[in-house]
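*Asks:* Structure file target21.cif (mmCIF, C-alpha atoms and all ligand atoms) is given on the next line.
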data_entry
#
loop_
_atom_site.group_PDB
_atom_site.id
_atom_site.type_symbol
_atom_site.label_atom_id
_atom_site.label_comp_id
_atom_site.auth_asym_id
_atom_site.auth_seq_id
_atom_site.Cartn_x
_atom_site.Cartn_y
_atom_site.Cartn_z
ATOM 1 C CA MET A 1067 13.770 -15.303 7.387
ATOM 2 C CA ASP A 1068 10.098 -15.380 6.353
ATOM 3 C CA LEU A 1069 9.232 -12.702 3.798
ATOM 4 C CA SER A 1070 6.194 -14.556 2.448
ATOM 5 C CA ARG A 1071 3.713 -11.930 3.662
ATOM 6 C CA ILE A 1072 5.443 -9.201 1.626
ATOM 7 C CA ARG A 1073 4.036 -9.124 -1.922
ATOM 8 C CA ILE A 1074 5.351 -7.331 -4.962
ATOM 9 C CA VAL A 1075 2.601 -5.974 -7.221
ATOM 10 C CA LEU A 1076 3.301 -4.985 -10.848
ATOM 11 C CA VAL A 1077 0.527 -2.894 -12.427
ATOM 12 C CA ALA A 1078 -0.180 -3.227 -16.186
ATOM 13 C CA THR A 1079 3.385 -4.114 -17.178
ATOM 14 C CA SER A 1080 3.883 -3.812 -20.978
ATOM 15 C CA HIS A 1081 7.131 -5.730 -21.422
ATOM 16 C CA PRO A 1082 7.114 -9.378 -20.281
ATOM 17 C CA GLY A 1083 10.904 -9.194 -19.878
ATOM 18 C CA ASN A 1084 10.325 -6.846 -16.947
ATOM 19 C CA ILE A 1085 8.058 -9.437 -15.314
ATOM 20 C CA GLY A 1086 10.781 -12.102 -15.643
ATOM 21 C CA ALA A 1087 13.491 -9.746 -14.371
ATOM 22 C CA THR A 1088 11.253 -8.845 -11.415
ATOM 23 C CA ALA A 1089 10.822 -12.532 -10.513
ATOM 24 C CA ARG A 1090 14.590 -13.000 -10.608
ATOM 25 C CA ALA A 1091 15.289 -9.918 -8.466
ATOM 26 C CA MET A 1092 12.663 -11.065 -5.967
ATOM 27 C CA LYS A 1093 14.080 -14.566 -5.625
ATOM 28 C CA ASN A 1094 17.626 -13.214 -5.234
ATOM 29 C CA MET A 1095 16.366 -11.165 -2.284
ATOM 30 C CA GLY A 1096 14.202 -13.923 -0.734
ATOM 31 C CA LEU A 1097 10.786 -12.620 -1.826
ATOM 32 C CA SER A 1098 8.265 -15.030 -3.335
ATOM 33 C CA SER A 1099 4.822 -13.429 -3.603
ATOM 34 C CA LEU A 1100 4.168 -11.729 -6.963
ATOM 35 C CA TYR A 1101 0.874 -10.198 -8.139
ATOM 36 C CA LEU A 1102 0.436 -9.120 -11.758
ATOM 37 C CA VAL A 1103 -2.369 -6.648 -12.357
ATOM 38 C CA ASN A 1104 -3.635 -6.839 -15.921
ATOM 39 C CA PRO A 1105 -0.251 -7.520 -17.613
ATOM 40 C CA LYS A 1106 -0.239 -6.587 -21.324
ATOM 41 C CA ASP A 1107 1.602 -9.645 -22.673
ATOM 42 C CA TYR A 1108 1.560 -12.620 -20.282
ATOM 43 C CA PRO A 1109 2.182 -15.586 -20.037
ATOM 44 C CA SER A 1110 5.231 -15.158 -22.198
ATOM 45 C CA GLY A 1111 8.386 -17.064 -23.137
ATOM 46 C CA VAL A 1112 10.331 -13.803 -22.779
ATOM 47 C CA ALA A 1113 9.285 -13.568 -19.134
ATOM 48 C CA LEU A 1114 10.365 -17.181 -18.540
ATOM 49 C CA GLY A 1115 13.762 -16.530 -20.157
ATOM 50 C CA ARG A 1116 14.454 -13.432 -18.085
ATOM 51 C CA ALA A 1117 13.355 -15.155 -14.858
ATOM 52 C CA ALA A 1118 16.285 -17.633 -15.177
ATOM 53 C CA SER A 1119 16.118 -19.791 -12.026
ATOM 54 C CA ALA A 1120 13.149 -17.941 -10.549
ATOM 55 C CA LEU A 1121 10.500 -19.806 -12.550
ATOM 56 C CA ASP A 1122 8.788 -20.818 -9.302
ATOM 57 C CA VAL A 1123 8.045 -17.147 -8.570
ATOM 58 C CA LEU A 1124 6.315 -16.853 -11.967
ATOM 59 C CA ASP A 1125 4.517 -20.197 -11.527
ATOM 60 C CA ASN A 1126 3.039 -19.008 -8.253
ATOM 61 C CA ALA A 1127 2.234 -15.465 -9.454
ATOM 62 C CA ASN A 1128 -1.374 -14.302 -9.115
ATOM 63 C CA VAL A 1129 -2.793 -12.523 -12.164
ATOM 64 C CA VAL A 1130 -5.663 -10.161 -11.244
ATOM 65 C CA GLU A 1131 -7.806 -7.540 -12.995
ATOM 66 C CA ASN A 1132 -7.197 -4.431 -10.923
ATOM 67 C CA LEU A 1133 -4.995 -3.085 -8.154
ATOM 68 C CA GLU A 1134 -7.750 -3.233 -5.556
ATOM 69 C CA SER A 1135 -8.045 -7.010 -5.882
ATOM 70 C CA ALA A 1136 -4.261 -7.415 -5.601
ATOM 71 C CA ILE A 1137 -4.129 -5.577 -2.254
ATOM 72 C CA ALA A 1138 -7.633 -6.100 -0.759
ATOM 73 C CA ASP A 1139 -6.336 -8.152 2.196
ATOM 74 C CA CYS A 1140 -3.249 -5.990 2.933
ATOM 75 C CA GLY A 1141 -2.820 -3.948 6.119
ATOM 76 C CA LEU A 1142 -0.011 -1.836 4.660
ATOM 77 C CA VAL A 1143 0.496 -0.783 1.049
ATOM 78 C CA ILE A 1144 3.399 1.296 -0.255
ATOM 79 C CA GLY A 1145 3.280 2.693 -3.797
ATOM 80 C CA THR A 1146 6.342 3.627 -5.825
ATOM 81 C CA SER A 1147 6.739 6.740 -7.907
ATOM 82 C CA ALA A 1148 9.562 8.310 -9.886
ATOM 83 C CA ARG A 1149 8.180 11.815 -9.251
ATOM 84 C CA SER A 1150 6.013 13.775 -6.800
ATOM 85 C CA ARG A 1151 2.280 13.889 -7.531
ATOM 86 C CA SER A 1152 -0.476 16.485 -7.236
ATOM 87 C CA ILE A 1153 -1.937 15.715 -3.789
ATOM 88 C CA PRO A 1154 0.962 15.397 -1.326
ATOM 89 C CA TRP A 1155 0.908 12.016 0.410
ATOM 90 C CA PRO A 1156 2.991 10.590 3.277
ATOM 91 C CA VAL A 1157 6.370 9.721 1.777
ATOM 92 C CA VAL A 1158 9.037 7.328 3.058
ATOM 93 C CA ASP A 1159 12.564 6.772 1.807
ATOM 94 C CA PRO A 1160 13.604 3.294 0.612
ATOM 95 C CA ASP A 1161 15.102 2.447 3.995
ATOM 96 C CA GLU A 1162 11.942 3.343 5.953
ATOM 97 C CA CYS A 1163 9.824 1.652 3.309
ATOM 98 C CA ALA A 1164 11.668 -1.630 3.838
ATOM 99 C CA GLU A 1165 11.597 -1.320 7.610
ATOM 100 C CA LYS A 1166 7.814 -0.771 7.639
ATOM 101 C CA LEU A 1167 7.164 -3.658 5.261
ATOM 102 C CA VAL A 1168 9.300 -6.037 7.287
ATOM 103 C CA THR A 1169 7.926 -5.108 10.730
ATOM 104 C CA VAL A 1170 4.241 -4.856 9.726
ATOM 105 C CA SER A 1171 4.465 -8.140 7.786
ATOM 106 C CA LYS A 1172 5.044 -10.016 11.027
ATOM 107 C CA GLU A 1173 1.289 -9.710 11.704
ATOM 108 C CA ASN A 1174 -0.257 -8.547 8.404
ATOM 109 C CA GLU A 1175 -0.125 -9.030 4.656
ATOM 110 C CA VAL A 1176 1.722 -6.060 3.080
ATOM 111 C CA ALA A 1177 2.344 -4.899 -0.500
ATOM 112 C CA LEU A 1178 4.828 -2.852 -2.509
ATOM 113 C CA VAL A 1179 3.281 -1.603 -5.759
ATOM 114 C CA PHE A 1180 5.072 -0.750 -9.033
ATOM 115 C CA GLY A 1181 3.600 1.110 -12.025
ATOM 116 C CA ARG A 1182 3.479 1.008 -15.808
ATOM 117 C CA GLU A 1183 6.727 1.466 -17.754
ATOM 118 C CA ASP A 1184 5.420 4.575 -19.538
ATOM 119 C CA ARG A 1185 3.067 6.265 -17.054
ATOM 120 C CA GLY A 1186 3.736 4.795 -13.630
ATOM 121 C CA LEU A 1187 0.746 4.512 -11.258
ATOM 122 C CA SER A 1188 -2.393 6.641 -11.668
ATOM 123 C CA ASN A 1189 -3.369 9.104 -8.939
ATOM 124 C CA GLU A 1190 -6.284 6.831 -7.951
ATOM 125 C CA GLU A 1191 -3.898 3.875 -7.611
ATOM 126 C CA LEU A 1192 -1.431 5.923 -5.567
ATOM 127 C CA GLN A 1193 -4.267 7.039 -3.305
ATOM 128 C CA LEU A 1194 -4.976 3.420 -2.351
ATOM 129 C CA CYS A 1195 -1.496 3.330 -0.732
ATOM 130 C CA HIS A 1196 -0.591 4.301 2.843
ATOM 131 C CA PHE A 1197 2.788 5.681 1.806
ATOM 132 C CA HIS A 1198 4.703 6.555 -1.333
ATOM 133 C CA VAL A 1199 8.363 5.751 -1.829
ATOM 134 C CA GLN A 1200 10.715 7.372 -4.283
ATOM 135 C CA ILE A 1201 14.225 6.058 -4.931
ATOM 136 C CA PRO A 1202 16.475 9.136 -4.834
ATOM 137 C CA THR A 1203 17.856 9.154 -8.374
ATOM 138 C CA ASN A 1204 19.627 11.753 -10.509
ATOM 139 C CA GLU A 1205 17.229 14.750 -10.738
ATOM 140 C CA GLU A 1206 18.004 14.989 -14.444
ATOM 141 C CA TYR A 1207 16.755 11.444 -15.045
ATOM 142 C CA THR A 1208 14.620 10.122 -12.197
ATOM 143 C CA SER A 1209 12.884 7.158 -13.774
ATOM 144 C CA LEU A 1210 14.413 3.676 -13.373
ATOM 145 C CA ASN A 1211 13.428 0.625 -15.371
ATOM 146 C CA VAL A 1212 10.645 -0.989 -13.347
ATOM 147 C CA ALA A 1213 12.548 -4.252 -12.704
ATOM 148 C CA ALA A 1214 15.592 -2.232 -11.596
ATOM 149 C CA ALA A 1215 13.335 -0.364 -9.151
ATOM 150 C CA VAL A 1216 12.063 -3.745 -7.873
ATOM 151 C CA MET A 1217 15.698 -4.836 -7.392
ATOM 152 C CA VAL A 1218 16.677 -1.732 -5.403
ATOM 153 C CA LEU A 1219 13.662 -1.884 -3.068
ATOM 154 C CA SER A 1220 13.852 -5.680 -2.666
ATOM 155 C CA TYR A 1221 17.487 -5.294 -1.597
ATOM 156 C CA GLU A 1222 16.401 -2.727 1.001
ATOM 157 C CA ILE A 1223 13.785 -5.227 2.236
ATOM 158 C CA ARG A 1224 16.439 -7.908 2.582
ATOM 159 C CA LYS A 1225 18.761 -5.581 4.488
ATOM 160 C CA ALA A 1226 15.920 -4.554 6.813
ATOM 161 C CA ALA A 1227 14.972 -8.194 7.337
ATOM 162 C CA LEU A 1228 18.550 -9.053 8.238
ATOM 163 C CA ARG A 1229 18.496 -6.217 10.808
ATOM 164 C CA TYR A 1230 15.000 -6.674 12.251
ATOM 165 C CA ILE A 1231 14.116 -10.342 11.937
ATOM 166 C CA ASP A 1232 17.398 -11.997 12.711
ATOM 167 C CA GLU A 1233 18.520 -9.592 15.466
ATOM 168 C CA PRO A 1234 16.397 -9.520 18.601
ATOM 169 C CA VAL A 1235 15.129 -5.977 19.269
ATOM 170 C CA SER A 1236 16.492 -6.027 22.843
ATOM 171 C CA ASP A 1237 20.075 -6.791 21.763
ATOM 172 C CA ASN A 1238 22.298 -4.521 23.923
ATOM 173 C CA SER A 1239 25.148 -4.566 21.468
ATOM 174 C CA GLN A 1240 23.381 -2.378 18.934
ATOM 175 C CA THR A 1241 24.578 1.139 18.209
ATOM 176 C CA ALA A 1242 22.552 4.220 19.164
ATOM 177 C CA SER A 1243 21.239 4.695 15.655
ATOM 178 C CA ASP A 1244 20.220 1.032 15.427
ATOM 179 C CA SER A 1245 18.296 1.264 18.667
ATOM 180 C CA GLU A 1246 16.502 4.421 17.474
ATOM 181 C CA LYS A 1247 15.477 2.561 14.367
ATOM 182 C CA ASN A 1248 14.221 -0.381 16.386
ATOM 183 C CA GLU A 1249 12.132 1.958 18.569
ATOM 184 C CA ASP A 1250 10.557 3.435 15.467
ATOM 185 C CA SER A 1251 9.807 0.021 14.118
ATOM 186 C CA LEU A 1252 7.956 -0.938 17.322
ATOM 187 C CA GLU A 1253 5.309 1.652 16.434
ATOM 188 C CA ASP A 1254 4.160 -0.776 13.830
ATOM 189 C CA ILE A 1255 3.605 -3.646 16.244
ATOM 190 C CA TRP A 1256 0.025 -3.429 17.437
ATOM 191 C CA ASP A 1257 -2.480 -5.413 19.511
ATOM 192 C CA GLN A 1258 -5.031 -5.665 16.679
ATOM 193 C CA PRO A 1259 -4.610 -6.564 13.026
ATOM 194 C CA LEU A 1260 -4.584 -3.471 10.824
ATOM 195 C CA ALA A 1261 -7.655 -2.664 8.759
ATOM 196 C CA THR A 1262 -7.155 -4.027 5.255
ATOM 197 C CA VAL A 1263 -7.564 -2.086 2.022
ATOM 198 C CA ASP A 1264 -10.939 -3.784 1.612
ATOM 199 C CA ASP A 1265 -12.069 -2.672 5.118
ATOM 200 C CA MET A 1266 -10.951 0.878 4.302
ATOM 201 C CA GLU A 1267 -12.770 0.956 0.932
ATOM 202 C CA ARG A 1268 -16.009 -0.274 2.528
ATOM 203 C CA PHE A 1269 -15.670 2.297 5.320
ATOM 204 C CA LEU A 1270 -15.037 5.154 2.859
ATOM 205 C CA ASP A 1271 -18.070 4.120 0.755
ATOM 206 C CA HIS A 1272 -20.187 4.040 3.905
ATOM 207 C CA LEU A 1273 -18.830 7.433 5.025
ATOM 208 C CA GLU A 1274 -19.575 8.970 1.632
ATOM 209 C CA THR A 1275 -23.175 7.650 1.712
ATOM 210 C CA VAL A 1276 -23.752 9.190 5.150
ATOM 211 C CA LEU A 1277 -22.088 12.507 4.248
ATOM 212 C CA VAL A 1278 -24.322 12.783 1.163
ATOM 213 C CA ARG A 1279 -27.369 11.997 3.287
ATOM 214 C CA LEU A 1280 -26.318 14.681 5.806
ATOM 215 C CA LYS A 1281 -25.908 17.085 2.863
ATOM 216 C CA PHE A 1282 -22.329 17.710 3.989
ATOM 217 C CA HIS A 1283 -21.067 16.285 0.708
ATOM 218 C CA ASP A 1284 -22.486 17.189 -2.698
ATOM 219 C CA PRO A 1285 -21.557 14.499 -5.271
ATOM 220 C CA ASP A 1286 -22.266 17.045 -8.057
ATOM 221 C CA ASN A 1287 -19.669 19.393 -6.575
ATOM 222 C CA PRO A 1288 -17.302 16.989 -4.778
ATOM 223 C CA ARG A 1289 -14.181 19.215 -4.712
ATOM 224 C CA GLN A 1290 -11.439 17.215 -2.986
ATOM 225 C CA LEU A 1291 -13.493 16.098 -0.003
ATOM 226 C CA MET A 1292 -13.270 12.324 -0.477
ATOM 227 C CA PRO A 1293 -9.556 12.220 -1.467
ATOM 228 C CA ARG A 1294 -8.769 14.380 1.572
ATOM 229 C CA LEU A 1295 -10.787 12.151 3.915
ATOM 230 C CA ARG A 1296 -9.139 9.132 2.298
ATOM 231 C CA ARG A 1297 -5.734 10.631 3.014
ATOM 232 C CA LEU A 1298 -6.718 11.414 6.616
ATOM 233 C CA TYR A 1299 -7.956 7.898 7.428
ATOM 234 C CA THR A 1300 -5.171 6.198 5.484
ATOM 235 C CA ARG A 1301 -2.588 8.257 7.343
ATOM 236 C CA ILE A 1302 -3.762 7.058 10.774
ATOM 237 C CA LYS A 1303 -3.706 3.415 9.686
ATOM 238 C CA PRO A 1304 -6.685 2.313 11.798
ATOM 239 C CA ASP A 1305 -6.860 -1.259 13.045
ATOM 240 C CA LYS A 1306 -9.853 -3.540 12.438
ATOM 241 C CA MET A 1307 -11.533 -2.734 15.727
ATOM 242 C CA GLU A 1308 -11.243 1.030 15.148
ATOM 243 C CA ILE A 1309 -12.755 0.697 11.674
ATOM 244 C CA ASN A 1310 -15.617 -1.338 13.153
ATOM 245 C CA ILE A 1311 -16.269 1.438 15.694
ATOM 246 C CA LEU A 1312 -16.326 4.060 12.923
ATOM 247 C CA ARG A 1313 -18.685 1.882 10.864
ATOM 248 C CA GLY A 1314 -20.897 1.499 13.964
ATOM 249 C CA ILE A 1315 -21.077 5.307 14.376
ATOM 250 C CA LEU A 1316 -22.124 5.645 10.729
ATOM 251 C CA THR A 1317 -24.772 2.951 11.091
ATOM 252 C CA SER A 1318 -26.175 4.684 14.224
ATOM 253 C CA THR A 1319 -26.233 7.990 12.353
ATOM 254 C CA GLN A 1320 -28.247 6.368 9.563
ATOM 255 C CA TYR A 1321 -30.569 4.763 12.110
ATOM 256 C CA GLN A 1322 -31.227 8.097 13.851
ATOM 257 C CA LEU A 1323 -31.856 9.807 10.522
ATOM 258 C CA ASP A 1324 -34.339 7.066 9.616
ATOM 259 C CA LYS A 1325 -36.194 7.574 12.917
ATOM 260 C CA LYS A 1326 -36.804 11.308 12.367
ATOM 261 C CA PRO A 1327 -40.356 11.668 10.965
ATOM 262 C CA GLU A 1328 -39.312 14.412 8.498
ATOM 263 C CA ASN A 1329 -36.717 12.070 6.989
ATOM 264 C CA LYS A 1330 -39.104 9.178 6.424
ATOM 265 C CA GLY A 1331 -38.946 7.995 2.853
ATOM 266 C CA LYS A 1332 -35.758 9.978 2.034
HETATM 267 N N1 LIG B 1401 7.021 8.198 -16.285
HETATM 268 C C1 LIG B 1401 6.687 7.313 -15.218
HETATM 269 C C2 LIG B 1401 7.860 6.396 -15.013
HETATM 270 C C3 LIG B 1401 7.458 5.038 -14.712
HETATM 271 S S1 LIG B 1401 8.842 4.044 -14.422
HETATM 272 C C4 LIG B 1401 6.416 8.090 -13.956
HETATM 273 O O1 LIG B 1401 6.806 9.226 -13.893
HETATM 274 O O2 LIG B 1401 5.821 7.588 -12.995
HETATM 275 C C5 LIG B 1401 8.009 2.543 -14.076
HETATM 276 C C6 LIG B 1401 7.900 2.203 -12.615
HETATM 277 O O3 LIG B 1401 9.227 1.963 -12.083
HETATM 278 C C7 LIG B 1401 7.293 3.249 -11.715
HETATM 279 O O4 LIG B 1401 5.880 3.250 -11.739
HETATM 280 C C8 LIG B 1401 7.827 2.795 -10.364
HETATM 281 O O5 LIG B 1401 7.101 1.681 -9.951
HETATM 282 C C9 LIG B 1401 9.247 2.346 -10.707
HETATM 283 N N2 LIG B 1401 10.223 3.434 -10.561
HETATM 284 C C10 LIG B 1401 10.951 4.011 -11.532
HETATM 285 N N3 LIG B 1401 11.745 4.960 -11.038
HETATM 286 C C11 LIG B 1401 11.516 5.006 -9.692
HETATM 287 C C12 LIG B 1401 12.036 5.781 -8.615
HETATM 288 N N4 LIG B 1401 12.953 6.721 -8.792
HETATM 289 N N5 LIG B 1401 11.551 5.529 -7.379
HETATM 290 C C13 LIG B 1401 10.617 4.585 -7.169
HETATM 291 N N6 LIG B 1401 10.101 3.824 -8.148
HETATM 292 C C14 LIG B 1401 10.540 4.022 -9.395
#
Would you give me this structure, written as structure tokens?
*Replies:*
Amino acid sequence: MDLSRIRIVLVATSHPGNIGATARAMKNMGLSSLYLVNPKDYPSGVALGRAASALDVLDNANVVENLESAIADCGLVIGTSARSRSIPWPVVDPDECAEKLVTVSKENEVALVFGREDRGLSNEELQLCHFHVQIPTNEEYTSLNVAAAVMVLSYEIRKAALRYIDEPVSDNSQTASDSEKNEDSLEDIWDQPLATVDDMERFLDHLETVLVRLKFHDPDNPRQLMPRLRRLYTRIKPDKMEINILRGILTSTQYQLDKKPENKGK
């Protein structure tokens, strides 16, 4: 079972013990790739102590400055949240979350992102994700400790991997519900690599530039245009070739605008 293309990302963790406990949970479930975005107190002896026999996960962890750099090369990103947020976003349950991560990671780097102990992930961080996942907890107390949330979702990943990696998809012995699940998971197998977060950010910047130039978008009165377009394009999960086509259309639009005599010098 190769889960090396599935990374766990912890954003701005305050307590180093949670980083150690995350490493331990990951290793128990066969995950090895950990990214720490701007941790408050790290490296730390407390993290080493809580990691127990998962010191290798900490040794190999990548420490980066912001979420974008932790996920730039990923084709699928799922963000976790203990509660629903202002702009509705595509949501998956823990089971679907694990299934998507496992199937898409056969061909692409993928990430599961966890937030700060006190405030979770910001709206901007959540909007970098293709899906959000919420562990269905007691409505009277929804928020788990972050390392406990890592444990629950890593266990789901392991269960999905046992189902989808080790069992061939064409196995006739599967039950009806298993075969439905396998059909769903085939959606995620594609002829092209998925556009990465970096491709998507560069496309959205390009789109915004052209929309401003066309006077469709007023940066002084932006409303929710860019977040809504971000949600639209993120939802379709374009592949690299599709993003290149869209970028080509934008470049042609700019070229045509440049050619018009009345636009010269604008
Ligand atoms: N008050 C914060 C709670 C953060 S809990 C908030 O409302 O977002 C710290 C982190 O643990 C979260 O950012 C998330 O990554 C994870 N977490 C906690 N409870 C969760 C749940 N029910 N489902 C998914 N992730 C959860």
*Asks:* List every protein, DNA or RNA residue with an atom no more than 10 Å from (-3.2, -0.4, 0.5) in the file's coordinates, counting only C-alpha atoms, and format the result as number ranges by chain.
*Replies:* A: 1133-1134, 1136-1145, 1176-1179, 1191-1197, 1261-1264, 1266-1267, 1300, 1303
*Asks:* Got a sec to resolve the PyMOL selection byres (((chain A and resi 1101-1108) around 7) and not hetatm) on this structure and send the residues as number ranges by chain?
*Replies:* A: 1074-1082, 1099-1100, 1109-1110, 1127-1133, 1136
*Asks:* Can I get the residues of chain A within 10 Å of ligand LIG 1401 (chain B), each with the closest pair of atoms and their distance in Å to one decimal, using all atoms listed in the file, sorted chain first then ascending number, as CSV?
*Replies:*
residue,atom,partner,partner_atom,distance
A:Val1075,CA,B:LIG1401,O5,9.3
A:Leu1076,CA,B:LIG1401,O5,7.7
A:Val1077,CA,B:LIG1401,O4,8.2
A:Ala1078,CA,B:LIG1401,O4,9.9
A:Thr1079,CA,B:LIG1401,C5,8.7
A:Gly1145,CA,B:LIG1401,O5,7.3
A:Thr1146,CA,B:LIG1401,N6,4.4
A:Ser1147,CA,B:LIG1401,N6,4.5
A:Ala1148,CA,B:LIG1401,C12,3.8
A:Arg1149,CA,B:LIG1401,O1,5.5
A:Ser1150,CA,B:LIG1401,O1,8.5
A:Arg1151,CA,B:LIG1401,O2,9.1
A:Asp1159,CA,B:LIG1401,N5,9.3
A:Pro1160,CA,B:LIG1401,C13,8.4
A:Leu1178,CA,B:LIG1401,O5,9.0
A:Val1179,CA,B:LIG1401,O5,6.6
A:Phe1180,CA,B:LIG1401,O5,3.3
A:Gly1181,CA,B:LIG1401,O4,3.1
A:Arg1182,CA,B:LIG1401,C5,5.1
A:Glu1183,CA,B:LIG1401,C5,4.0
A:Asp1184,CA,B:LIG1401,N1,5.1
A:Arg1185,CA,B:LIG1401,C1,4.2
A:Gly1186,CA,B:LIG1401,O4,3.2
A:Leu1187,CA,B:LIG1401,O4,5.3
A:Ser1188,CA,B:LIG1401,O2,8.4
A:Leu1192,CA,B:LIG1401,O4,9.9
A:His1198,CA,B:LIG1401,C13,8.5
A:Val1199,CA,B:LIG1401,C13,5.9
A:Gln1200,CA,B:LIG1401,N5,3.7
A:Ile1201,CA,B:LIG1401,N5,3.7
A:Pro1202,CA,B:LIG1401,N4,5.8
A:Thr1203,CA,B:LIG1401,N4,5.5
A:Asn1204,CA,B:LIG1401,N4,8.5
A:Glu1205,CA,B:LIG1401,N4,9.3
A:Tyr1207,CA,B:LIG1401,N4,8.7
A:Thr1208,CA,B:LIG1401,N4,5.1
A:Ser1209,CA,B:LIG1401,N3,3.7
A:Leu1210,CA,B:LIG1401,N3,3.8
A:Asn1211,CA,B:LIG1401,O3,5.5
A:Val1212,CA,B:LIG1401,O3,3.5
A:Ala1213,CA,B:LIG1401,O3,7.1
A:Ala1214,CA,B:LIG1401,O3,7.6
A:Ala1215,CA,B:LIG1401,N2,5.1
A:Val1216,CA,B:LIG1401,C9,7.3
A:Val1218,CA,B:LIG1401,C13,8.9
A:Leu1219,CA,B:LIG1401,C13,8.2
*Asks:* Give me, as a VMD selection string, all polymer residues having an atom no more than 9 Å from A:Gln1320, counting only C-alpha atoms and skipping those fewer than 4 positions away in the same chain.
*Replies:* chain A and resid 1276 1279 1315 to 1316 1324 to 1325
*Asks:* Have a look at atom CA of A:Arg1297 and atom CA of A:Trp1155 and let me know their distance in Å, one decimal.
*Replies:*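 Pair atom CA of A:Arg1297 / atom CA of A:Trp1155 returns 7.3 Å.
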*Asks:* Given the choices A:Arg1116, A:Arg1294, A:Arg1073, A:Lys1306, which gets closest to A:Ala1087 if the distance is worked out from only C-alpha atoms?
*Replies:* A:Arg1116
*Asks:* Run the PyMOL selection byres (((chain A and resi 1172) around 9) and not hetatm) on the file and write out the hits as a list of chain:residue names.
*Replies:*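 Going through the file, the PyMOL selection byres (((chain A and resi 1172) around 9) and not hetatm) ends up selecting A:Asp1068, A:Leu1069, A:Arg1071, A:Leu1167, A:Val1168, A:Thr1169, A:Val1170, A:Ser1171, A:Glu1173, A:Asn1174, A:Glu1175, A:Ile1255.
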*Asks:* Expressed in Å to a single decimal, how great is the separation between atom CA of A:Glu1274 and atom CA of A:Ile1302?
*Replies:*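 Going from atom CA of A:Glu1274 over to atom CA of A:Ile1302, I get 18.4 Å.
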*Asks:* Mind pulling up the distance from atom CA of A:Arg1289 to atom CA of A:Arg1313?
*Replies:*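 Distance between the two atoms: 23.7 Å.
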*Asks:* For this file, the PyMOL selection byres (((chain A and resi 1224) around 9) and not hetatm) selects which residues, as a list in words?
*Replies:*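 On this input, the PyMOL selection byres (((chain A and resi 1224) around 9) and not hetatm) captures Leu1069, Met1095, Gly1096, Leu1097, Ala1164, Val1168, Leu1219, Ser1220, Tyr1221, Glu1222, Ile1223, Lys1225, Ala1226, Ala1227, Leu1228 and Arg1229 of chain A.
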*Asks:* Could you list, as a PyMOL selection string, every residue within 8 Å of stretch 1117-1126 of chain A, counting only C-alpha atoms and ignoring same-chain residues fewer than 3 positions away?
*Replies:* chain A and resi 1085-1090+1093+1098-1100+1113-1114
*Asks:* Nearest residue to A:Val1278 out of A:Gln1258, A:Gly1314, A:Pro1304, A:Met1292, using only C-alpha atoms?
*Replies:* A:Met1292
*Asks:* Taking every listed atom of stretch 1099-1116 of chain A and adding 4 Å to each side, what centre and edge lengths in Å (one decimal) does the axis-aligned box have, as JSON?
*Replies:*
{"center_x": 5.4, "center_y": -11.9, "center_z": -13.4, "size_x": 26.1, "size_y": 18.6, "size_z": 27.5}
